[in-house]
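Here's my_file.txt, which has compact mmCIF, C-alpha atoms:
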# COMPACT_ATOMS: atom_id res chain seq x y z
CA MET P 1140 251.10 46.35 231.49
CA ASN P 1141 251.23 48.05 228.11
CA ILE P 1142 248.59 50.55 227.14
CA ARG P 1143 248.13 50.62 223.40
CA VAL P 1144 245.76 52.72 221.35
CA GLN P 1145 244.85 51.37 217.94
CA ARG P 1146 244.43 53.56 214.89
CA GLU P 1147 240.85 52.32 214.39
CA GLU P 1148 239.70 53.16 217.92
CA LEU P 1149 241.29 56.60 217.66
CA LEU P 1150 239.52 57.24 214.35
CA ARG P 1151 236.22 56.15 215.89
CA GLN P 1152 236.76 58.41 218.89
CA ILE P 1153 237.39 61.40 216.62
CA GLY P 1154 234.24 60.55 214.70
CA TYR P 1155 235.40 58.81 211.54
CA ARG P 1156 233.36 55.85 210.42
CA GLN P 1157 235.19 55.55 207.10
CA PRO P 1158 238.96 55.79 206.63
CA PRO P 1159 239.90 59.45 206.06
CA GLU P 1160 242.37 60.80 203.53
CA SER P 1161 245.86 59.35 203.52
CA ARG P 1162 247.66 62.39 204.96
CA LEU P 1163 245.39 62.28 208.01
CA LEU P 1164 246.04 58.57 208.43
CA LYS P 1165 249.73 59.31 208.30
CA MET P 1166 249.36 62.04 210.94
CA ILE P 1167 247.44 59.64 213.17
CA ASP P 1168 250.08 56.95 212.75
CA ASP P 1169 252.83 59.47 213.51
CA VAL P 1170 251.04 60.56 216.68
CA LEU P 1171 250.41 56.98 217.77
CA ALA P 1172 254.10 56.25 217.24
CA LEU P 1173 254.86 58.94 219.82
CA LEU P 1174 252.36 57.65 222.34
CA GLY P 1175 254.40 54.76 223.73
CA ASP P 1176 257.19 57.07 224.88
CA LEU P 1177 254.78 59.64 226.27
CA ILE P 1178 252.71 57.41 228.51
CA GLU P 1179 254.18 56.89 231.97
CA HIS P 1180 251.14 55.27 233.49
CA LYS P 1181 250.84 54.40 237.13
CA LEU P 1182 248.06 52.67 239.00
CA ALA P 1183 247.41 52.37 242.71
CA PHE P 1184 244.64 51.00 244.87
CA LYS P 1185 244.10 50.33 248.53
CA VAL P 1186 241.69 48.25 250.56
CA ILE P 1187 239.95 50.59 252.98
CA GLN P 1188 239.95 49.26 256.51
CA ASP P 1189 239.01 52.43 258.32
CA GLU P 1190 235.30 52.68 259.09
CA GLN P 1191 235.55 56.30 260.22
CA SER P 1192 234.63 59.18 257.90
CA LEU P 1193 233.77 56.92 255.00
CA PRO P 1194 232.28 58.53 251.91
CA PRO P 1195 228.56 57.61 251.89
CA PHE P 1196 229.00 55.41 248.80
CA LEU P 1197 231.22 53.03 250.73
CA VAL P 1198 229.11 52.82 253.86
CA GLY P 1199 227.83 49.30 254.44
CA ALA P 1200 230.16 47.63 251.92
CA ALA P 1201 231.86 44.41 252.94
CA LEU P 1202 234.97 45.25 250.95
CA LYS P 1203 235.98 48.80 250.07
CA TYR P 1204 238.65 50.25 247.79
CA ALA P 1205 240.05 53.59 246.68
CA GLY P 1206 241.94 53.67 243.40
CA GLY P 1207 243.75 56.08 241.13
CA ALA P 1208 245.51 55.99 237.77
CA THR P 1209 247.45 58.45 235.66
CA LEU P 1210 249.26 58.62 232.34
CA GLY P 1211 251.83 61.05 233.76
CA GLN P 1212 252.82 64.54 232.75
CA LYS P 1213 254.88 63.81 229.65
CA LEU P 1214 251.90 63.35 227.34
CA GLU P 1215 250.31 66.60 228.45
CA ASN P 1216 253.53 68.48 228.00
CA LYS P 1217 253.71 67.19 224.43
CA VAL P 1218 250.10 68.24 223.73
CA LYS P 1219 250.95 71.75 224.92
CA GLU P 1220 254.15 71.77 222.90
CA LEU P 1221 252.22 70.84 219.74
CA PHE P 1222 249.69 73.61 220.35
CA ASP P 1223 252.55 76.06 220.92
CA GLU P 1224 254.17 74.90 217.68
CA GLU P 1225 250.87 75.67 215.92
CA LYS P 1226 250.17 72.03 215.22
CA PRO P 1227 246.65 71.92 216.66
CA ALA P 1228 245.49 68.89 214.68
CA GLU P 1229 248.36 66.80 216.03
CA ALA P 1230 247.73 68.19 219.53
CA TYR P 1231 244.05 67.30 219.34
CA ILE P 1232 244.76 63.79 218.04
CA LEU P 1233 247.34 63.16 220.77
CA ASP P 1234 244.98 64.46 223.46
CA THR P 1235 242.23 62.20 222.14
CA ALA P 1236 244.60 59.23 222.14
CA GLY P 1237 245.41 60.13 225.74
CA SER P 1238 241.72 60.08 226.64
CA ILE P 1239 241.42 56.57 225.24
CA ALA P 1240 244.58 55.52 227.06
CA ILE P 1241 243.46 56.79 230.47
CA THR P 1242 240.15 54.97 230.03
CA LYS P 1243 242.14 51.80 229.41
CA ALA P 1244 244.31 52.50 232.45
CA GLY P 1245 241.11 52.86 234.49
CA ASP P 1246 239.84 49.55 233.14
CA ALA P 1247 243.14 47.90 234.04
CA LEU P 1248 242.93 49.31 237.56
CA TRP P 1249 239.36 48.07 237.91
CA SER P 1250 240.44 44.67 236.66
CA ARG P 1251 243.17 44.47 239.33
CA ILE P 1252 240.75 45.51 242.04
CA ARG P 1253 238.25 42.89 240.91
CA GLN P 1254 240.97 40.24 240.95
CA ASP P 1255 241.88 41.28 244.46
CA ALA P 1256 238.23 41.20 245.49
CA ALA P 1257 237.77 37.78 243.86
CA SER P 1258 240.70 36.45 245.89
CA LYS P 1259 238.75 37.52 248.97
CA GLY P 1260 235.59 35.83 247.75
CA PHE P 1261 233.75 38.81 246.22
CA ARG P 1262 232.67 38.79 242.59
CA LYS P 1263 230.15 41.59 242.15
CA GLY P 1264 231.21 45.15 242.71
CA MET P 1265 230.77 48.65 241.46
CA ARG P 1266 232.90 51.75 241.14
CA ARG P 1267 232.06 55.41 241.16
CA THR P 1268 234.07 58.49 240.32
CA PRO P 1269 234.00 61.69 242.37
CA GLY P 1270 231.89 64.34 240.70
CA CYS P 1271 229.52 61.76 239.23
CA ARG P 1272 226.19 60.42 240.37
CA GLY P 1273 226.05 61.35 244.00
CA ILE P 1274 229.77 61.29 244.79
CA GLU P 1275 230.86 64.78 245.83
CA LEU P 1276 233.93 66.07 244.05
CA ASP P 1277 235.71 66.83 247.31
CA THR P 1278 235.80 63.06 247.90
CA GLN P 1279 238.98 63.34 245.82
CA ARG P 1280 240.80 64.57 248.89
CA TRP P 1281 239.68 61.55 250.91
CA ILE P 1282 240.71 59.15 248.14
CA PHE P 1283 244.20 60.56 247.76
CA GLU P 1284 244.74 60.81 251.49
CA GLU P 1285 243.81 57.14 251.73
CA LEU P 1286 246.01 56.14 248.81
CA ALA P 1287 248.86 58.20 250.24
CA ASP P 1288 251.07 57.09 247.37
CA PRO P 1289 253.50 59.82 246.34
CA ASP P 1290 254.84 57.57 243.57
CA LEU P 1291 251.49 57.77 241.84
CA GLY P 1292 252.31 61.37 240.95
CA ILE P 1293 248.78 62.79 241.06
CA THR P 1294 248.23 66.08 242.84
CA LEU P 1295 244.97 67.92 243.42
CA THR P 1296 244.18 71.53 242.71
CA GLU P 1297 242.18 73.66 245.14
CA SER P 1298 239.06 72.69 243.20
CA TRP P 1299 239.91 68.95 243.43
CA MET P 1300 241.01 68.58 239.82
CA MET P 1301 243.71 65.99 239.25
CA VAL P 1302 247.05 66.95 237.78
CA PRO P 1303 248.13 65.44 235.37
CA ARG P 1304 244.76 65.86 233.72
CA LYS P 1305 244.85 62.41 232.16
CA SER P 1306 244.26 60.84 235.54
CA LEU P 1307 241.28 59.23 237.21
CA SER P 1308 240.17 58.08 240.61
CA PHE P 1309 237.32 56.05 241.96
CA LEU P 1310 235.77 54.35 244.92
CA ALA P 1311 234.81 50.70 244.65
CA ARG P 1312 232.62 48.56 246.83
CA PHE P 1313 231.82 44.86 247.01
CA GLY P 1314 229.21 43.11 249.10
CA GLY P 1315 227.02 44.60 251.79
CA LYS P 1316 223.91 46.65 251.27
CA LEU P 1317 224.14 49.80 249.18
CA LYS P 1318 222.32 52.87 250.44
CA ASN P 1319 219.22 53.50 248.35
CA SER P 1320 220.48 56.86 247.15
CA PHE P 1321 223.29 55.05 245.32
CA SER P 1322 221.37 52.04 244.07
CA CYS P 1323 221.89 51.22 240.43
CA GLU P 1324 218.21 50.95 239.63
CA GLY P 1325 217.70 54.58 240.50
CA CYS P 1326 220.36 55.76 238.07
CA PRO P 1327 219.28 57.24 234.73
CA GLN P 1328 222.18 55.42 233.06
CA TYR P 1329 221.21 52.03 234.47
CA ALA P 1330 220.24 50.46 231.14
CA ASP P 1331 223.57 50.97 229.41
CA CYS P 1332 225.95 51.30 232.35
CA THR P 1333 229.38 49.79 231.80
CA LEU P 1334 230.58 50.30 235.35
CA ARG P 1335 228.69 47.56 237.10
CA GLY P 1336 230.66 44.48 237.87
CA MET C 681 242.54 84.60 186.00
CA THR C 682 240.73 86.18 189.00
CA VAL C 683 238.04 83.54 189.03
CA ASP C 684 240.60 80.75 188.80
CA ILE C 685 242.80 81.99 191.62
CA ILE C 686 239.80 82.70 193.85
CA LYS C 687 238.64 79.13 193.27
CA GLU C 688 242.12 77.76 193.95
CA ILE C 689 242.35 79.60 197.28
CA TYR C 690 238.85 78.44 198.15
CA ASP C 691 239.79 74.83 197.40
CA ALA C 692 243.03 75.08 199.37
CA VAL C 693 241.17 76.27 202.48
CA LEU C 694 238.43 73.71 202.03
CA GLU C 695 241.01 70.95 201.78
CA GLY C 696 243.10 72.36 204.62
CA LYS C 697 246.24 72.88 202.50
CA VAL C 698 248.10 75.58 204.39
CA ASP C 699 251.06 76.15 202.06
CA GLU C 700 248.84 76.02 198.98
CA ALA C 701 246.47 78.60 200.46
CA SER C 702 249.32 80.89 201.43
CA ASN C 703 251.04 80.63 198.03
CA ARG C 704 247.83 81.25 196.12
CA VAL C 705 246.93 84.29 198.23
CA LYS C 706 250.40 85.72 197.58
CA GLN C 707 249.94 85.05 193.89
CA ALA C 708 246.50 86.68 193.88
CA LEU C 709 247.73 89.80 195.68
CA GLY C 710 250.66 90.02 193.28
CA SER C 711 248.25 89.88 190.37
CA GLY C 712 246.20 92.74 191.78
CA VAL C 713 243.16 90.75 192.90
CA ASP C 714 241.00 92.77 195.31
CA PRO C 715 241.82 91.66 198.89
CA ASN C 716 238.14 91.94 199.77
CA GLU C 717 237.31 89.41 197.10
CA ILE C 718 240.00 87.04 198.36
CA LEU C 719 238.69 87.44 201.89
CA ASN C 720 235.00 87.02 201.15
CA SER C 721 234.88 84.77 198.09
CA SER C 722 237.74 82.45 199.01
CA LEU C 723 238.65 82.39 202.68
CA ILE C 724 235.34 83.09 204.42
CA ALA C 725 233.27 81.23 201.83
CA ALA C 726 235.44 78.12 202.15
CA MET C 727 235.47 78.19 205.94
CA ASP C 728 231.69 78.52 205.96
CA VAL C 729 231.47 75.34 203.90
CA VAL C 730 233.93 73.61 206.23
CA GLY C 731 231.63 74.50 209.13
CA GLU C 732 228.63 73.12 207.27
CA LYS C 733 230.42 69.89 206.40
CA PHE C 734 231.48 69.48 210.03
CA GLY C 735 227.88 69.97 211.11
CA GLU C 736 226.77 67.34 208.63
CA GLY C 737 229.39 64.85 209.81
CA GLU C 738 231.40 64.95 206.59
CA LEU C 739 234.46 66.54 208.17
CA PHE C 740 235.93 66.13 211.64
CA ILE C 741 237.99 68.26 213.98
CA PRO C 742 241.49 67.57 212.52
CA GLN C 743 240.36 68.61 209.05
CA VAL C 744 238.57 71.68 210.42
CA LEU C 745 241.80 72.67 212.17
CA TRP C 746 243.75 72.29 208.96
CA SER C 747 241.25 74.52 207.18
CA ALA C 748 241.38 77.08 210.00
CA LYS C 749 245.16 77.16 209.68
CA ALA C 750 244.95 77.52 205.92
CA MET C 751 242.51 80.40 206.33
CA GLN C 752 244.71 82.05 208.92
CA SER C 753 247.73 81.84 206.64
CA GLY C 754 245.72 83.70 204.02
CA MET C 755 244.36 86.22 206.52
CA ASP C 756 247.87 87.03 207.72
CA LEU C 757 248.86 87.93 204.17
CA LEU C 758 245.74 90.04 203.64
CA LYS C 759 246.02 92.10 206.85
CA PRO C 760 248.48 94.69 205.48
CA SER C 761 246.11 95.33 202.59
CA PHE C 762 243.43 96.68 204.89
CA SER C 763 243.93 100.10 206.43
CA SER C 764 245.30 99.65 209.95
CA GLY C 765 244.08 96.08 209.83
CA GLU C 766 240.60 97.07 210.93
CA HIS C 767 238.81 95.73 207.90
CA ALA C 768 240.14 92.26 208.43
CA LYS C 769 239.49 92.29 212.16
CA LYS C 770 236.08 90.87 212.88
CA GLY C 771 235.94 91.36 216.63
CA THR C 772 237.74 90.73 219.87
CA ILE C 773 237.08 87.68 221.99
CA VAL C 774 238.22 86.96 225.53
CA ILE C 775 238.29 83.22 226.09
CA GLY C 776 239.12 80.96 229.01
CA THR C 777 238.21 77.91 231.06
CA ALA C 778 235.93 78.54 234.03
CA LYS C 779 237.19 78.93 237.58
CA GLY C 780 238.13 75.63 239.19
CA ASP C 781 238.49 73.83 235.85
CA ILE C 782 241.81 73.01 234.22
CA HIS C 783 240.63 71.34 231.00
CA ASP C 784 241.43 73.33 227.91
CA ILE C 785 241.25 71.30 224.70
CA GLY C 786 237.82 72.58 223.67
CA LYS C 787 238.76 76.11 224.59
CA ASN C 788 242.00 75.85 222.59
CA LEU C 789 240.19 74.53 219.52
CA LEU C 790 237.71 77.40 219.56
CA ALA C 791 240.53 79.93 220.05
CA ILE C 792 242.34 78.55 216.99
CA MET C 793 239.20 78.67 214.88
CA LEU C 794 238.41 82.21 216.00
CA GLU C 795 241.92 83.38 215.14
CA GLY C 796 241.73 81.57 211.83
CA SER C 797 238.55 83.47 211.07
CA GLY C 798 240.07 86.86 211.75
CA PHE C 799 239.08 87.50 215.35
CA GLU C 800 241.47 88.96 217.88
CA VAL C 801 241.65 86.44 220.72
CA ALA C 802 242.79 87.05 224.29
CA ASP C 803 243.24 83.59 225.78
CA LEU C 804 243.25 83.66 229.58
CA GLY C 805 244.03 79.96 229.95
CA VAL C 806 242.42 77.77 232.60
CA ASP C 807 240.94 78.27 236.08
CA VAL C 808 239.88 81.82 235.26
CA THR C 809 237.87 83.75 237.82
CA PRO C 810 234.73 85.62 236.69
CA GLU C 811 236.38 88.89 237.72
CA ARG C 812 239.40 88.14 235.53
CA PHE C 813 237.18 87.54 232.50
CA ILE C 814 235.52 90.90 233.02
CA GLU C 815 238.74 92.75 233.73
CA LYS C 816 240.38 91.45 230.54
CA ALA C 817 237.26 92.06 228.45
CA ALA C 818 237.24 95.69 229.57
CA GLU C 819 240.96 96.03 228.90
CA VAL C 820 240.79 94.78 225.30
CA LYS C 821 237.30 96.18 224.62
CA ALA C 822 236.01 92.71 223.87
CA ASP C 823 232.90 91.99 221.90
CA VAL C 824 232.41 88.53 223.34
CA VAL C 825 233.51 86.64 226.44
CA ALA C 826 233.73 82.87 225.83
CA VAL C 827 233.71 80.58 228.85
CA SER C 828 234.41 76.84 228.68
CA ALA C 829 233.99 74.11 231.30
CA LEU C 830 234.25 70.34 231.22
CA LEU C 831 232.62 69.48 234.52
CA THR C 832 229.23 70.01 236.10
CA THR C 833 231.01 71.16 239.22
CA THR C 834 232.80 74.02 237.47
CA MET C 835 230.11 75.16 235.07
CA GLN C 836 228.40 77.05 237.89
CA SER C 837 230.95 79.85 237.69
CA MET C 838 229.73 80.58 234.16
CA GLY C 839 226.63 82.04 235.78
CA GLU C 840 228.82 84.35 237.82
CA VAL C 841 230.43 85.69 234.64
CA VAL C 842 226.99 86.39 233.19
CA SER C 843 225.83 88.01 236.44
CA LEU C 844 228.81 90.33 236.47
CA VAL C 845 228.26 91.36 232.86
CA LYS C 846 224.52 91.88 233.18
CA GLY C 847 224.68 93.32 236.69
CA ARG C 848 227.11 96.00 235.61
CA SER C 849 225.46 96.48 232.19
CA LEU C 850 228.77 95.77 230.50
CA PRO C 851 228.80 95.78 226.70
CA PHE C 852 230.02 92.17 226.26
CA LYS C 853 228.13 89.17 225.01
CA VAL C 854 228.78 85.91 226.81
CA ILE C 855 228.97 82.53 225.09
CA ILE C 856 229.38 79.28 227.02
CA GLY C 857 230.42 75.81 225.94
CA GLY C 858 231.72 72.47 227.13
CA ALA C 859 230.54 68.93 227.75
CA PRO C 860 228.11 69.53 230.66
CA VAL C 861 226.54 72.66 229.19
CA ASP C 862 223.46 72.83 227.01
CA GLN C 863 221.01 75.37 225.66
CA ALA C 864 218.76 75.01 228.70
CA PHE C 865 221.64 75.89 231.06
CA CYS C 866 222.57 78.79 228.78
CA GLU C 867 219.05 80.17 229.12
CA GLU C 868 218.93 79.46 232.84
CA ILE C 869 221.98 81.60 233.56
CA GLY C 870 221.12 84.22 230.94
CA ALA C 871 224.14 83.74 228.67
CA ASP C 872 223.82 85.12 225.15
CA ALA C 873 224.73 81.91 223.35
CA TYR C 874 225.74 78.29 223.75
CA GLY C 875 228.30 76.61 221.49
CA MET C 876 227.72 72.89 221.13
CA ASP C 877 231.28 72.39 219.87
CA ALA C 878 234.13 74.53 218.57
CA VAL C 879 232.64 74.93 215.10
CA ASP C 880 229.21 75.81 216.47
CA GLY C 881 230.93 78.16 218.90
CA LEU C 882 232.60 79.97 216.01
CA ARG C 883 229.27 80.29 214.21
CA LYS C 884 227.55 81.65 217.32
CA VAL C 885 230.35 84.14 218.00
CA LYS C 886 229.98 85.44 214.43
CA GLU C 887 226.25 85.88 215.06
CA LEU C 888 226.85 87.65 218.40
CA VAL C 889 229.31 90.08 216.85
CA LYS C 890 226.83 90.94 214.09
CA ARG C 891 224.06 91.82 216.59
Kindly return the structure encoded in the file as structure tokens.
Amino acid sequence: MNIRVQREELLRQIGYRQPPESRLLKMIDDVLALLGDLIEHKLAFKVIQDEQSLPPFLVGAALKYAGGATLGQKLENKVKELFDEEKPAEAYILDTAGSIAITKAGDALWSRIRQDAASKGFRKGMRRTPGCRGIELDTQRWIFEELADPDLGITLTESWMMVPRKSLSFLARFGGKLKNSFSCEGCPQYADCTLRG
Amino acid sequence: MTVDIIKEIYDAVLEGKVDEASNRVKQALGSGVDPNEILNSSLIAAMDVVGEKFGEGELFIPQVLWSAKAMQSGMDLLKPSFSSGEHAKKGTIVIGTAKGDIHDIGKNLLAIMLEGSGFEVADLGVDVTPERFIEKAAEVKADVVAVSALLTTTMQSMGEVVSLVKGRSLPFKVIIGGAPVDQAFCEEIGADAYGMDAVDGLRKVKELVKR
């Protein structure tokens, strides 16, 4: 899987609705040219069989997953290097491109999980990230203990932050009855949620 | 001549042309233009407009960073012209990312803009304890402590920074910023200001230092 970030989506993410001046376009193109060599993305997911000590979000699901994705450390090292070289605009643009890329990596991971779920007869599912909407941040520990994939290359800090920073993790559930406290209808972001399957 | 060169420096900062700004400031100083006029009528005036244009959605972060760099290049040349550098120094800021949080882009952007505007900046990095903020602020006699956080789970330690400052009646103002923070949270924890983004943060720090 290749993760590509297009100039137009990067411009939109920064805020531009019209093409900016040519030297900025050149800077953006130069940064995007670096991106391919800087992304060392890895994805991992696991079907959860264990019914003991499940995070509340997964309780009652017919099919349960934990997943994680990262872009690797190289990109972050380059962002730091650019800041240290007093090239903050380039650093900011590269970091923003990284944010787009990790979102795409997360989408790719979700797509793989959904394919796996579909092969088991499940079509509708949802995912949630620790720290958001009722999922305690310390669920990170549970996720990475379940994944137990040293090749993924994500470590956790004492406060459950992922390193490299351009990483993500989530729980996913398919089938079964969701506890009311996690039901979609009760969520303030229900109307425009992109996470529902 | 003076009016022309002042305008040229102003334009260079506005357009984020670092070398142009630096060369024009050198030229102005060589021609005997008052450093105060260069500072106020060119550098600060242009950066103020950059901030306004950012607020109005005409400019975006990369261009603001270019302008901040252009301003800083001019400031560096002006510093020797002011006795012991004090005139050019606008204040001292201790900045860092809140305890438990390791995200630093927003914090880095504000630090660059503060330096570009003539502030002394002590950057403590990420995952900074409230005690460390206070300790450093006392050490460098800071005017403002700036605390950034990206997550709702880490923004709570901002309140601890404020509590330490207020509880000990320390002479520092506290500004907070970051994605999960808003004016209501700022008021709830008793911080002195909230910066919506790096440019707004710079503006608020300037206001805090003036108080």
Practice task
Counting only C-alpha atoms, note down every residue that has an atom within 12 Å of the point (246.8, 71.1, 216.1) (file coordinates), as a PyMOL selection string.
Solution key: (chain P and resi 1166-1167+1170+1217-1235) or (chain C and resi 741-749+785-786+788-793)
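Atom pair atom CA of Lys1203 of chain P / atom CA of Phe1313 of chain P: separated by 6.5 Å.
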Exercise for the section: Name the residues, using the chain letters and numbers of the file, that sit within 12 Å of (247.3, 79.8, 206.2) when counting all atoms listed in the file, and give them as a VMD selection string. Expected result: (chain P and resid 1225) or (chain C and resid 689 to 690 692 to 706 723 727 745 to 758 792 to 793 795 to 798)
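With all atoms listed in the file as the basis for measurement, P:Gly1270 is the residue among P:Gly1270, P:Gly1314, P:Pro1289, P:Gly1206 that approaches chain C most closely.
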Exercise for the section: Provide the atom CA of Lys816 of chain C to atom CA of Lys890 of chain C distance in Å, to one decimal place. Expected result: 21.3 Å
Practice task
Just the residues within 7 Å of Ile855 of chain C, please, counting all atoms listed in the file, with nothing from its chain fewer than 3 positions along; format it as a VMD selection string.
Solution key: chain C and resid 825 to 827 871 to 875
With C-alpha atoms retained, write the just-selected residues as a PDB file, in the frame of the given file.
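Done, and the output landed in result_24.pdb:
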ATOM      1  CA  VAL C 825     233.510  86.640 226.440  1.00  0.00           C
ATOM      2  CA  ALA C 826     233.730  82.870 225.830  1.00  0.00           C
ATOM      3  CA  VAL C 827     233.710  80.580 228.850  1.00  0.00           C
ATOM      4  CA  ALA C 871     224.140  83.740 228.670  1.00  0.00           C
ATOM      5  CA  ASP C 872     223.820  85.120 225.150  1.00  0.00           C
ATOM      6  CA  ALA C 873     224.730  81.910 223.350  1.00  0.00           C
ATOM      7  CA  TYR C 874     225.740  78.290 223.750  1.00  0.00           C
ATOM      8  CA  GLY C 875     228.300  76.610 221.490  1.00  0.00           C
TER       9      GLY C 875
END
Exercise for the section: Report the distance between atom CA of Ala859 of chain C and atom CA of Arg1151 of chain P in Å, rounded to one decimal place. Expected result: 18.3 Å
Where atoms are lacking, segment 724-736 of chain C completed to N, CA and C atoms, as a short mmCIF file (atom, residue, chain, number, x, y, z; two decimals), keeping the file's coordinate frame:
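The resulting file, rebuild-v6.cif, is shown below:
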data_model
loop_
_atom_site.label_atom_id
_atom_site.label_comp_id
_atom_site.auth_asym_id
_atom_site.auth_seq_id
_atom_site.Cartn_x
_atom_site.Cartn_y
_atom_site.Cartn_z
N ILE C 724 236.56 83.21 203.59
CA ILE C 724 235.34 83.09 204.42
C ILE C 724 234.37 82.09 203.81
N ALA C 725 234.22 82.15 202.48
CA ALA C 725 233.27 81.23 201.83
C ALA C 725 233.68 79.77 202.06
N ALA C 726 234.98 79.50 201.95
CA ALA C 726 235.44 78.12 202.15
C ALA C 726 235.25 77.68 203.59
N MET C 727 235.58 78.57 204.52
CA MET C 727 235.47 78.19 205.94
C MET C 727 234.01 77.97 206.33
N ASP C 728 233.11 78.74 205.71
CA ASP C 728 231.69 78.52 205.96
C ASP C 728 231.28 77.11 205.54
N VAL C 729 231.80 76.69 204.39
CA VAL C 729 231.47 75.34 203.90
C VAL C 729 232.08 74.27 204.81
N VAL C 730 233.30 74.54 205.29
CA VAL C 730 233.93 73.61 206.23
C VAL C 730 233.04 73.44 207.47
N GLY C 731 232.52 74.55 207.97
CA GLY C 731 231.63 74.50 209.13
C GLY C 731 230.38 73.68 208.84
N GLU C 732 229.83 73.88 207.64
CA GLU C 732 228.63 73.12 207.27
C GLU C 732 228.93 71.64 207.18
N LYS C 733 230.06 71.32 206.56
CA LYS C 733 230.42 69.89 206.40
C LYS C 733 230.70 69.24 207.76
N PHE C 734 231.27 70.01 208.68
CA PHE C 734 231.48 69.48 210.03
C PHE C 734 230.13 69.18 210.68
N GLY C 735 229.21 70.14 210.53
CA GLY C 735 227.88 69.97 211.11
C GLY C 735 227.15 68.78 210.55
N GLU C 736 227.45 68.47 209.28
CA GLU C 736 226.77 67.34 208.63
C GLU C 736 227.53 66.03 208.82
#
